[in-house]
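A.B. asks: Sharing start-v6.cif here; it has mmCIF, C-alpha atoms.
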```
data_structure
#
loop_
_atom_site.label_atom_id
_atom_site.label_comp_id
_atom_site.auth_asym_id
_atom_site.auth_seq_id
_atom_site.Cartn_x
_atom_site.Cartn_y
_atom_site.Cartn_z
CA MET A 100 -9.42 -23.24 3.67
CA SER A 101 -5.90 -23.91 4.91
CA LYS A 102 -5.40 -22.45 8.42
CA LEU A 103 -1.98 -21.04 7.49
CA LEU A 104 -3.48 -19.28 4.47
CA ASP A 105 -6.43 -18.08 6.52
CA GLN A 106 -4.10 -16.65 9.17
CA VAL A 107 -1.81 -14.81 6.76
CA VAL A 108 -4.80 -13.40 4.84
CA GLY A 109 -6.37 -12.34 8.14
CA GLU A 110 -3.20 -10.59 9.34
CA LEU A 111 -2.50 -8.88 6.00
CA SER A 112 -6.06 -7.64 5.65
CA LYS A 113 -5.76 -5.81 8.99
CA LEU A 114 -3.41 -3.38 7.22
CA PRO A 115 -5.01 -0.15 5.98
CA GLY A 116 -6.10 -0.25 2.34
CA ILE A 117 -5.65 -4.04 2.09
CA GLY A 118 -8.85 -6.06 1.79
CA ARG A 119 -9.17 -9.85 1.87
CA ARG A 120 -8.89 -10.07 -1.90
CA THR A 121 -5.61 -8.12 -2.01
CA ALA A 122 -4.35 -10.05 1.03
CA LEU A 123 -4.98 -13.33 -0.79
CA ARG A 124 -3.16 -12.04 -3.86
CA LEU A 125 -0.19 -11.02 -1.69
CA ALA A 126 -0.17 -14.41 0.07
CA VAL A 127 -0.17 -16.30 -3.24
CA HIS A 128 2.62 -14.01 -4.45
CA LEU A 129 4.72 -14.98 -1.41
CA LEU A 130 4.69 -18.61 -2.58
CA ARG A 131 6.57 -17.60 -5.71
CA VAL A 132 9.20 -15.72 -3.72
CA ASP A 133 12.28 -17.35 -2.13
CA ARG A 134 11.84 -18.37 1.51
CA GLU A 135 14.77 -16.17 2.50
CA ASP A 136 13.08 -13.14 0.95
CA VAL A 137 9.86 -13.78 2.86
CA GLY A 138 12.03 -14.27 5.96
CA ALA A 139 13.66 -10.88 5.31
CA LEU A 140 10.24 -9.22 4.96
CA SER A 141 8.94 -10.89 8.11
CA GLU A 142 12.05 -10.01 10.10
CA SER A 143 12.17 -6.38 8.92
CA LEU A 144 8.55 -5.89 10.05
CA SER A 145 9.10 -7.06 13.62
CA ARG A 146 12.55 -5.48 13.86
CA PHE A 147 11.14 -2.13 12.70
CA ARG A 148 8.31 -2.27 15.22
CA ASN A 149 10.51 -3.37 18.13
CA ASP A 150 13.71 -1.39 17.58
CA ILE A 151 12.69 1.91 16.01
CA LYS A 152 13.16 4.99 18.18
CA TYR A 153 12.14 8.62 17.99
CA CYS A 154 14.91 11.18 17.72
CA GLY A 155 15.24 12.96 21.08
CA ARG A 156 15.80 16.27 19.34
CA CYS A 157 13.40 16.37 16.37
CA ASN A 158 11.01 13.43 16.98
CA ASN A 159 11.82 11.92 13.56
CA LEU A 160 12.00 8.12 13.30
CA SER A 161 15.51 7.01 14.17
CA ASP A 162 17.67 3.96 14.79
CA ASP A 163 19.53 5.76 17.56
CA ASP A 164 18.82 8.44 20.17
CA LEU A 165 19.59 11.10 17.56
CA CYS A 166 18.38 10.72 13.96
CA PRO A 167 20.87 10.77 11.03
CA ILE A 168 19.82 14.32 10.12
CA CYS A 169 20.24 15.78 13.62
CA SER A 170 23.62 14.07 14.03
CA ASP A 171 24.92 15.16 10.60
CA PRO A 172 27.61 17.84 11.17
CA HIS A 173 27.09 19.22 7.64
CA ARG A 174 23.47 20.28 8.24
CA ASP A 175 22.68 23.90 9.13
CA ARG A 176 21.61 23.77 12.78
CA GLY A 177 20.28 27.33 12.59
CA VAL A 178 17.19 26.46 10.56
CA VAL A 179 14.37 24.14 11.68
CA CYS A 180 11.57 23.02 9.36
CA VAL A 181 8.45 22.06 11.31
CA VAL A 182 6.37 19.27 9.71
CA GLU A 183 3.39 17.18 10.70
CA GLN A 184 4.65 13.69 9.93
CA VAL A 185 7.71 11.57 9.15
CA LYS A 186 6.67 11.26 5.52
CA ASP A 187 6.86 15.05 5.15
CA VAL A 188 10.55 14.86 6.14
CA ILE A 189 11.10 12.28 3.41
CA SER A 190 9.23 14.42 0.84
CA ILE A 191 11.40 17.46 1.59
CA GLU A 192 14.63 15.40 1.78
CA ASN A 193 13.87 13.96 -1.66
CA THR A 194 14.15 17.45 -3.16
CA ARG A 195 17.79 17.68 -1.93
CA GLN A 196 17.20 21.45 -1.63
CA TYR A 197 17.04 21.79 2.16
CA ASN A 198 20.04 21.58 4.41
CA GLY A 199 18.60 22.52 7.81
CA LEU A 200 17.10 20.38 10.55
CA TYR A 201 13.49 19.21 11.00
CA HIS A 202 10.97 19.02 13.77
CA VAL A 203 8.26 16.37 13.49
CA LEU A 204 5.14 17.36 15.45
CA GLY A 205 3.66 13.88 15.17
CA GLY A 206 0.25 15.23 14.17
CA ILE A 207 -1.72 18.43 13.97
CA ILE A 208 -4.01 20.26 16.41
CA SER A 209 -7.52 18.96 15.77
CA PRO A 210 -10.28 19.46 18.35
CA MET A 211 -12.56 17.34 16.13
CA GLN A 212 -10.22 14.36 16.45
CA GLY A 213 -9.36 15.18 20.06
CA ILE A 214 -5.74 16.11 19.31
CA ALA A 215 -4.64 18.89 21.68
CA PRO A 216 -1.36 20.87 21.53
CA SER A 217 -0.09 18.74 24.43
CA ASP A 218 -0.38 15.62 22.23
CA LEU A 219 2.17 17.08 19.84
CA LYS A 220 5.92 17.65 20.29
CA ILE A 221 5.55 21.43 20.51
CA ASP A 222 7.22 21.78 23.93
CA LEU A 223 10.29 19.95 22.61
CA LEU A 224 10.49 22.43 19.72
CA LEU A 225 10.28 25.39 22.12
CA GLU A 226 12.97 23.86 24.36
CA ASN A 227 15.29 23.40 21.37
CA ILE A 228 14.76 27.04 20.38
CA ALA A 229 15.24 28.26 23.97
CA GLN A 230 18.71 26.64 23.94
CA GLY A 231 19.70 29.18 21.27
CA GLY A 232 21.41 28.84 17.90
CA ILE A 233 18.23 28.66 15.83
CA ARG A 234 17.78 31.65 13.50
CA GLU A 235 14.69 30.56 11.59
CA VAL A 236 11.68 28.27 12.02
CA ILE A 237 10.02 27.28 8.73
CA LEU A 238 6.44 26.06 9.14
CA ALA A 239 5.68 23.42 6.48
CA LEU A 240 2.18 22.45 7.58
CA ASN A 241 -0.86 21.69 5.47
CA THR A 242 -3.24 24.51 4.55
CA SER A 243 -6.22 22.86 6.26
CA ILE A 244 -7.97 24.61 9.15
CA GLU A 245 -6.06 22.28 11.49
CA GLY A 246 -2.77 23.22 9.80
CA GLU A 247 -3.49 26.95 10.11
CA THR A 248 -4.53 26.50 13.76
CA THR A 249 -1.34 24.63 14.53
CA ALA A 250 0.78 27.25 12.74
CA PHE A 251 -0.98 30.03 14.67
CA TYR A 252 -0.52 28.25 17.99
CA ILE A 253 3.20 27.63 17.40
CA THR A 254 3.73 31.21 16.20
CA ARG A 255 2.07 32.63 19.32
CA ARG A 256 4.02 30.39 21.71
CA LEU A 257 7.28 31.21 19.89
CA ALA A 258 6.58 34.95 19.93
CA ALA A 259 5.93 34.81 23.68
CA GLN A 260 9.09 32.83 24.31
CA THR A 261 11.47 34.77 22.08
CA GLY A 262 10.06 38.07 23.35
CA GLU A 263 10.80 37.21 26.97
CA GLU A 264 13.83 35.00 27.07
CA SER A 265 15.96 35.51 24.01
CA GLU A 266 17.59 38.63 22.66
CA VAL A 267 18.08 37.35 19.10
CA PRO A 268 14.66 37.24 17.45
CA VAL A 269 13.83 34.00 15.66
CA ARG A 270 12.39 34.45 12.18
CA ILE A 271 9.21 32.45 11.60
CA SER A 272 8.37 31.68 7.99
CA SER A 273 5.94 29.48 6.09
CA ILE A 274 6.56 27.55 2.88
CA ALA A 275 5.35 29.43 -0.21
CA ARG A 276 1.79 28.88 -1.39
CA GLY A 277 0.82 29.21 -5.04
CA ILE A 278 0.13 27.26 -8.20
CA GLY A 279 2.36 24.18 -8.45
CA PHE A 280 4.69 23.77 -11.44
CA GLY A 281 2.81 21.82 -14.09
CA ASP A 282 -0.55 22.49 -12.42
CA GLU A 283 -3.23 24.13 -14.51
CA LEU A 284 -5.12 27.23 -13.36
CA ASP A 285 -8.39 25.48 -14.30
CA TYR A 286 -7.88 22.94 -11.56
CA ALA A 287 -6.55 25.20 -8.82
CA ASP A 288 -8.99 26.34 -6.13
CA GLU A 289 -9.97 30.00 -5.80
CA LEU A 290 -8.10 30.54 -2.55
CA THR A 291 -4.84 29.34 -4.11
CA ILE A 292 -5.32 31.45 -7.24
CA ALA A 293 -6.19 34.55 -5.18
CA HIS A 294 -3.13 33.99 -3.00
CA ALA A 295 -0.94 33.43 -6.07
CA ILE A 296 -2.07 36.75 -7.59
CA HIS A 297 -1.64 38.75 -4.37
CA ASN A 298 1.79 37.31 -3.78
CA ARG A 299 2.97 37.53 -7.39
CA THR A 300 6.73 37.77 -7.90
CA THR A 301 8.41 40.39 -10.13
CA LEU A 302 10.29 38.85 -13.07
CA MET B 232 16.55 8.15 6.74
CA SER B 233 16.47 5.54 9.53
CA LYS B 234 17.91 2.21 8.31
CA LEU B 235 15.12 0.21 9.99
CA LEU B 236 12.51 2.34 8.23
CA ASP B 237 14.40 2.13 4.95
CA GLN B 238 14.56 -1.67 5.22
CA VAL B 239 10.90 -2.19 6.03
CA VAL B 240 9.84 0.20 3.25
CA GLY B 241 12.18 -1.59 0.84
CA GLU B 242 10.82 -5.03 1.75
CA LEU B 243 7.15 -3.97 1.66
CA SER B 244 7.54 -2.22 -1.69
CA LYS B 245 8.76 -5.48 -3.26
CA LEU B 246 5.18 -6.76 -2.91
CA PRO B 247 3.02 -6.45 -6.03
CA GLY B 248 0.90 -3.30 -6.15
CA ILE B 249 2.74 -1.67 -3.23
CA GLY B 250 4.93 1.31 -4.12
CA ARG B 251 7.29 3.16 -1.78
CA ARG B 252 4.61 5.66 -0.82
CA THR B 253 2.16 2.94 0.24
CA ALA B 254 4.98 1.02 1.94
CA LEU B 255 5.82 4.09 4.01
CA ARG B 256 2.17 4.53 4.94
CA LEU B 257 2.00 0.88 6.03
CA ALA B 258 5.23 1.22 8.06
CA VAL B 259 3.95 4.32 9.87
CA HIS B 260 0.69 2.46 10.53
CA LEU B 261 2.64 -0.37 12.19
CA LEU B 262 3.93 2.08 14.80
CA ARG B 263 0.37 2.67 15.99
CA VAL B 264 -0.30 -1.07 16.29
CA ASP B 265 0.61 -3.21 19.32
CA ARG B 266 3.97 -4.96 19.10
CA GLU B 267 2.29 -8.34 19.55
CA ASP B 268 0.07 -7.67 16.54
CA VAL B 269 3.05 -6.81 14.36
CA GLY B 270 4.73 -9.94 15.74
CA ALA B 271 1.65 -11.99 14.73
CA LEU B 272 1.75 -10.53 11.21
CA SER B 273 5.48 -11.14 10.88
CA GLU B 274 5.21 -14.69 12.20
CA SER B 275 2.21 -15.60 10.03
CA LEU B 276 4.12 -14.49 6.91
CA SER B 277 7.15 -16.69 7.50
CA ARG B 278 5.08 -19.60 8.89
CA PHE B 279 2.85 -19.49 5.80
CA ARG B 280 5.84 -19.49 3.43
CA ASN B 281 7.72 -22.22 5.27
CA ASP B 282 4.97 -24.64 6.32
CA ILE B 283 2.30 -24.45 3.63
CA LYS B 284 1.92 -27.59 1.50
CA TYR B 285 0.06 -28.48 -1.66
CA CYS B 286 -2.69 -31.08 -1.36
CA GLY B 287 -1.41 -34.31 -2.93
CA ARG B 288 -4.80 -34.95 -4.49
CA CYS B 289 -6.08 -31.59 -5.76
CA ASN B 290 -3.02 -29.27 -5.56
CA ASN B 291 -4.90 -26.78 -3.38
CA LEU B 292 -2.96 -25.01 -0.63
CA SER B 293 -3.05 -27.16 2.47
CA ASP B 294 -1.67 -27.46 6.00
CA ASP B 295 -1.43 -31.25 5.63
CA ASP B 296 -0.83 -33.77 2.86
CA LEU B 297 -4.55 -33.67 2.04
CA CYS B 298 -6.46 -30.37 2.05
CA PRO B 299 -9.54 -29.89 4.28
CA ILE B 300 -11.86 -30.24 1.26
CA CYS B 301 -10.33 -33.49 -0.04
CA SER B 302 -10.35 -34.99 3.46
CA ASP B 303 -13.94 -33.94 4.23
CA PRO B 304 -16.13 -37.11 4.19
CA HIS B 305 -19.26 -35.04 3.48
CA ARG B 306 -18.05 -33.80 0.09
CA ASP B 307 -19.19 -35.54 -3.09
CA ARG B 308 -16.07 -37.30 -4.38
CA GLY B 309 -17.76 -38.00 -7.73
CA VAL B 310 -17.52 -34.40 -8.99
CA VAL B 311 -14.30 -32.45 -9.59
CA CYS B 312 -14.24 -28.75 -10.42
CA VAL B 313 -11.09 -27.78 -12.32
CA VAL B 314 -9.83 -24.24 -11.62
CA GLU B 315 -6.77 -22.23 -12.47
CA GLN B 316 -5.78 -20.90 -9.06
CA VAL B 317 -6.30 -21.23 -5.32
CA LYS B 318 -8.34 -18.03 -5.24
CA ASP B 319 -10.86 -19.60 -7.62
CA VAL B 320 -11.46 -22.35 -5.04
CA ILE B 321 -12.15 -19.68 -2.42
CA SER B 322 -14.52 -17.79 -4.77
CA ILE B 323 -16.56 -20.95 -5.42
CA GLU B 324 -16.46 -22.04 -1.77
CA ASN B 325 -17.82 -18.64 -0.73
CA THR B 326 -21.02 -19.37 -2.68
CA ARG B 327 -21.67 -22.45 -0.45
CA GLN B 328 -23.40 -23.96 -3.48
CA TYR B 329 -20.83 -26.57 -4.50
CA ASN B 330 -20.23 -29.78 -2.59
CA GLY B 331 -17.77 -31.61 -4.84
CA LEU B 332 -13.98 -31.63 -4.89
CA TYR B 333 -11.60 -29.28 -6.72
CA HIS B 334 -8.53 -29.58 -8.86
CA VAL B 335 -6.15 -26.61 -8.92
CA LEU B 336 -4.12 -26.54 -12.16
CA GLY B 337 -1.73 -23.93 -10.78
CA GLY B 338 -1.91 -21.82 -13.94
CA ILE B 339 -3.14 -21.96 -17.49
CA ILE B 340 -1.56 -23.07 -20.77
CA SER B 341 0.09 -19.98 -22.26
CA PRO B 342 2.72 -20.33 -25.01
CA MET B 343 3.25 -16.55 -24.81
CA GLN B 344 4.30 -16.80 -21.17
CA GLY B 345 6.08 -20.11 -21.73
CA ILE B 346 3.61 -22.16 -19.67
CA ALA B 347 3.26 -25.64 -21.18
CA PRO B 348 0.75 -28.35 -20.18
CA SER B 349 3.57 -30.11 -18.32
CA ASP B 350 3.91 -27.07 -16.02
CA LEU B 351 0.35 -27.62 -14.79
CA LYS B 352 -1.09 -30.37 -12.61
CA ILE B 353 -2.98 -32.00 -15.50
CA ASP B 354 -1.37 -35.44 -15.13
CA LEU B 355 -2.44 -35.54 -11.48
CA LEU B 356 -6.03 -34.82 -12.56
CA LEU B 357 -5.94 -37.64 -15.12
CA GLU B 358 -4.48 -40.04 -12.55
CA ASN B 359 -7.25 -39.19 -10.09
CA ILE B 360 -9.87 -39.83 -12.78
CA ALA B 361 -8.19 -43.08 -13.88
CA GLN B 362 -8.59 -44.38 -10.32
CA GLY B 363 -12.36 -44.29 -10.88
CA GLY B 364 -15.25 -42.88 -8.86
CA ILE B 365 -15.42 -39.53 -10.66
CA ARG B 366 -18.65 -39.03 -12.63
CA GLU B 367 -18.21 -35.43 -13.73
CA VAL B 368 -15.41 -32.94 -14.38
CA ILE B 369 -16.57 -29.30 -14.32
CA LEU B 370 -14.19 -26.93 -16.10
CA ALA B 371 -14.29 -23.51 -14.37
CA LEU B 372 -11.59 -21.74 -16.38
CA ASN B 373 -11.50 -18.18 -17.65
CA THR B 374 -12.86 -17.40 -21.12
CA SER B 375 -9.52 -16.07 -22.39
CA ILE B 376 -7.78 -17.77 -25.34
CA GLU B 377 -5.49 -19.42 -22.79
CA GLY B 378 -8.50 -20.64 -20.81
CA GLU B 379 -10.15 -22.07 -23.92
CA THR B 380 -6.88 -23.72 -24.98
CA THR B 381 -6.48 -25.30 -21.56
CA ALA B 382 -10.09 -26.50 -21.56
CA PHE B 383 -9.63 -28.00 -25.03
CA TYR B 384 -6.39 -29.73 -24.04
CA ILE B 385 -7.90 -31.25 -20.88
CA THR B 386 -11.03 -32.35 -22.76
CA ARG B 387 -8.95 -34.09 -25.44
CA ARG B 388 -6.72 -35.87 -22.92
CA LEU B 389 -9.75 -36.91 -20.85
CA ALA B 390 -11.63 -38.19 -23.90
CA ALA B 391 -8.60 -40.26 -24.93
CA GLN B 392 -8.21 -41.69 -21.42
CA THR B 393 -11.85 -42.43 -20.67
CA GLY B 394 -12.30 -43.94 -24.14
CA GLU B 395 -9.49 -46.42 -23.62
CA GLU B 396 -9.29 -47.26 -19.96
CA SER B 397 -12.60 -46.65 -18.30
CA GLU B 398 -15.99 -48.14 -19.05
CA VAL B 399 -18.02 -45.47 -17.24
CA PRO B 400 -17.86 -42.30 -19.33
CA VAL B 401 -16.92 -39.17 -17.41
CA ARG B 402 -19.14 -36.20 -18.11
CA ILE B 403 -17.17 -33.05 -18.92
CA SER B 404 -19.00 -29.76 -18.38
CA SER B 405 -18.19 -26.08 -18.28
CA ILE B 406 -19.61 -23.44 -15.96
CA ALA B 407 -22.47 -21.46 -17.56
CA ARG B 408 -21.61 -18.30 -19.47
CA GLY B 409 -24.04 -15.39 -19.71
CA ILE B 410 -24.90 -11.99 -18.31
CA GLY B 411 -24.18 -11.84 -14.60
CA PHE B 412 -26.97 -11.03 -12.14
CA GLY B 413 -27.01 -7.27 -11.65
CA ASP B 414 -24.90 -6.68 -14.76
CA GLU B 415 -26.29 -4.34 -17.38
CA LEU B 416 -26.55 -5.32 -21.03
CA ASP B 417 -24.93 -1.99 -21.96
CA TYR B 418 -21.69 -3.05 -20.35
CA ALA B 419 -21.55 -6.69 -21.47
CA ASP B 420 -19.34 -7.54 -24.47
CA GLU B 421 -20.89 -8.75 -27.73
CA LEU B 422 -19.61 -12.31 -27.38
CA THR B 423 -21.26 -12.69 -23.99
CA ILE B 424 -24.55 -11.19 -25.21
CA ALA B 425 -24.57 -13.39 -28.32
CA HIS B 426 -23.87 -16.45 -26.17
CA ALA B 427 -26.57 -15.46 -23.70
CA ILE B 428 -29.15 -15.17 -26.50
CA HIS B 429 -28.23 -18.48 -28.14
CA ASN B 430 -28.25 -20.32 -24.85
CA ARG B 431 -31.42 -18.67 -23.50
CA THR B 432 -33.39 -20.65 -20.95
CA THR B 433 -37.15 -21.25 -21.09
CA LEU B 434 -39.04 -19.73 -18.20
#
```
Re-express the file's structure as structure tokens.

C.D. replies:
Amino acid sequence: MSKLLDQVVGELSKLPGIGRRTALRLAVHLLRVDREDVGALSESLSRFRNDIKYCGRCNNLSDDDLCPICSDPHRDRGVVCVVEQVKDVISIENTRQYNGLYHVLGGIISPMQGIAPSDLKIDLLLENIAQGGIREVILALNTSIEGETTAFYITRRLAAQTGEESEVPVRISSIARGIGFGDELDYADELTIAHAIHNRTTL
Amino acid sequence: MSKLLDQVVGELSKLPGIGRRTALRLAVHLLRVDREDVGALSESLSRFRNDIKYCGRCNNLSDDDLCPICSDPHRDRGVVCVVEQVKDVISIENTRQYNGLYHVLGGIISPMQGIAPSDLKIDLLLENIAQGGIREVILALNTSIEGETTAFYITRRLAAQTGEESEVPVRISSIARGIGFGDELDYADELTIAHAIHNRTTL
């Protein structure tokens, strides 16, 4: 086999979810694409890896020291939505329904995977809140045991901090749980259905 | 969203089978990988696109004017296996059961997709055969209508050429069709089963 082909297949198949067969298909596809376009792909990969930063305020991916959301004067700086990962920010932004700021933890507390609270950007969140101006912290974490643990840990730390240092209490909320629009009851798990019934809304 | 992230997601999602969600997952994965490794991936992509050649004899992907198979003195130069694509060469090579040369057509005759015989490397195959030394041409094409059409076209052109110019007749064969090892009869199509019964082998 050609060494160049072997190399590109080897490199591509290191990516998650891409086996040697898919890598070969991608490599052959590249031959049908303009050289400039492959150059643009190649350059964007190394530029992304070398130049990307983390926002100093919210830990989101950013081109500068502050991310576009944190530096946007039109966003409500009084509300912070706490998420696990960057892709959660994108999911919520895509709804165009949220105008506050975010805080990206960069993971979730998981003793099984050896992820301790100190591995996450929880201190940064508490520092931001201690500086004042934040009225509400919305926890948008997954409903796994790890998600609940992380939510509990953050809530406890926040309660301790706001109780001692700040006079204005910070509201802590969680995104609503229930049956998704378009989801069928048949397919929902019992915990979700039970929660949806207990927390029913009056029409 | 960060421009660097947006760019890399945009470029990755141009690849076949990779949507924006997968592209984002790949981008986030790159952040956990060493910079040198992302550099190696990036470099291998553009090097592959810019420096890869096609073997002047068999049209396989190659680093040099002749591919490693065509320039290997231990291969049997009297047998040529005709395949549609580069990945077919790799599939057959992986069996380690074939010691002849290959000929990569670079596609298959398909009037529906506007691919004519002149778009394929059929003339190069006929030239190689006209130079003598080839005893057998094995057609390893798919059993689609396009595959059968291509096989028929090549057979007719070869018959015309060997009849006129060469004294030694070239044997034309096709790879065996039948039920694959480990395949169940339940799942095989009727054409394959019928063929497998007609062409049964004596034990």

A.B. asks: Would you kindly return, as a PyMOL selection string, each protein, DNA or RNA residue with an atom no farther than 12 Å from any atom of A:Asp163, considering all atoms listed in the file and excluding same-chain residues fewer than 4 positions away?

C.D. replies: (chain A and resi 150-156+158-159+167-170) or (chain B and resi 232-235)

A.B. asks: Selected residues, C-alpha atoms, written as a short mmCIF file (atom, residue, chain, number, x, y, z; two decimals), in the coordinates of the input, please.

C.D. replies:
```
data_model
loop_
_atom_site.label_atom_id
_atom_site.label_comp_id
_atom_site.auth_asym_id
_atom_site.auth_seq_id
_atom_site.Cartn_x
_atom_site.Cartn_y
_atom_site.Cartn_z
CA ASP A 150 13.71 -1.39 17.58
CA ILE A 151 12.69 1.91 16.01
CA LYS A 152 13.16 4.99 18.18
CA TYR A 153 12.14 8.62 17.99
CA CYS A 154 14.91 11.18 17.72
CA GLY A 155 15.24 12.96 21.08
CA ARG A 156 15.80 16.27 19.34
CA ASN A 158 11.01 13.43 16.98
CA ASN A 159 11.82 11.92 13.56
CA PRO A 167 20.87 10.77 11.03
CA ILE A 168 19.82 14.32 10.12
CA CYS A 169 20.24 15.78 13.62
CA SER A 170 23.62 14.07 14.03
CA MET B 232 16.55 8.15 6.74
CA SER B 233 16.47 5.54 9.53
CA LYS B 234 17.91 2.21 8.31
CA LEU B 235 15.12 0.21 9.99
#
```

A.B. asks: How far is it from atom CA of B:Glu415 to atom CA of B:His429, in Å with one decimal?

C.D. replies: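 Atom CA of B:His429 lies 17.9 Å from atom CA of B:Glu415.
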
A.B. asks: I need the output of the PyMOL selection byres ((chain A) within 6 of (chain B)) for this file as a ChimeraX atom specification; which residues are they?

C.D. replies: /A:101,103,107,110,138,140-141,143-145,147,161-162

A.B. asks: First superpose chain A onto chain B using a least-squares fit over all Cα atoms taken in order; then report the RMSD in Å.

C.D. replies: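 Fitting chain A to chain B over paired C-alpha atoms yields 0.1 Å.
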
A.B. asks: Between atom CA of B:Ser375 and atom CA of B:Leu389, measure the distance and give it in Å to one decimal.

C.D. replies: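 Taking atom CA of B:Ser375 and atom CA of B:Leu389, their separation equals 20.9 Å.
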
A.B. asks: Please compute the atom CA of A:Gly205-atom CA of A:Asp218 distance, one decimal, in Å.

C.D. replies: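 Spanning atom CA of A:Gly205 to atom CA of A:Asp218 is a straight-line distance of 8.3 Å.
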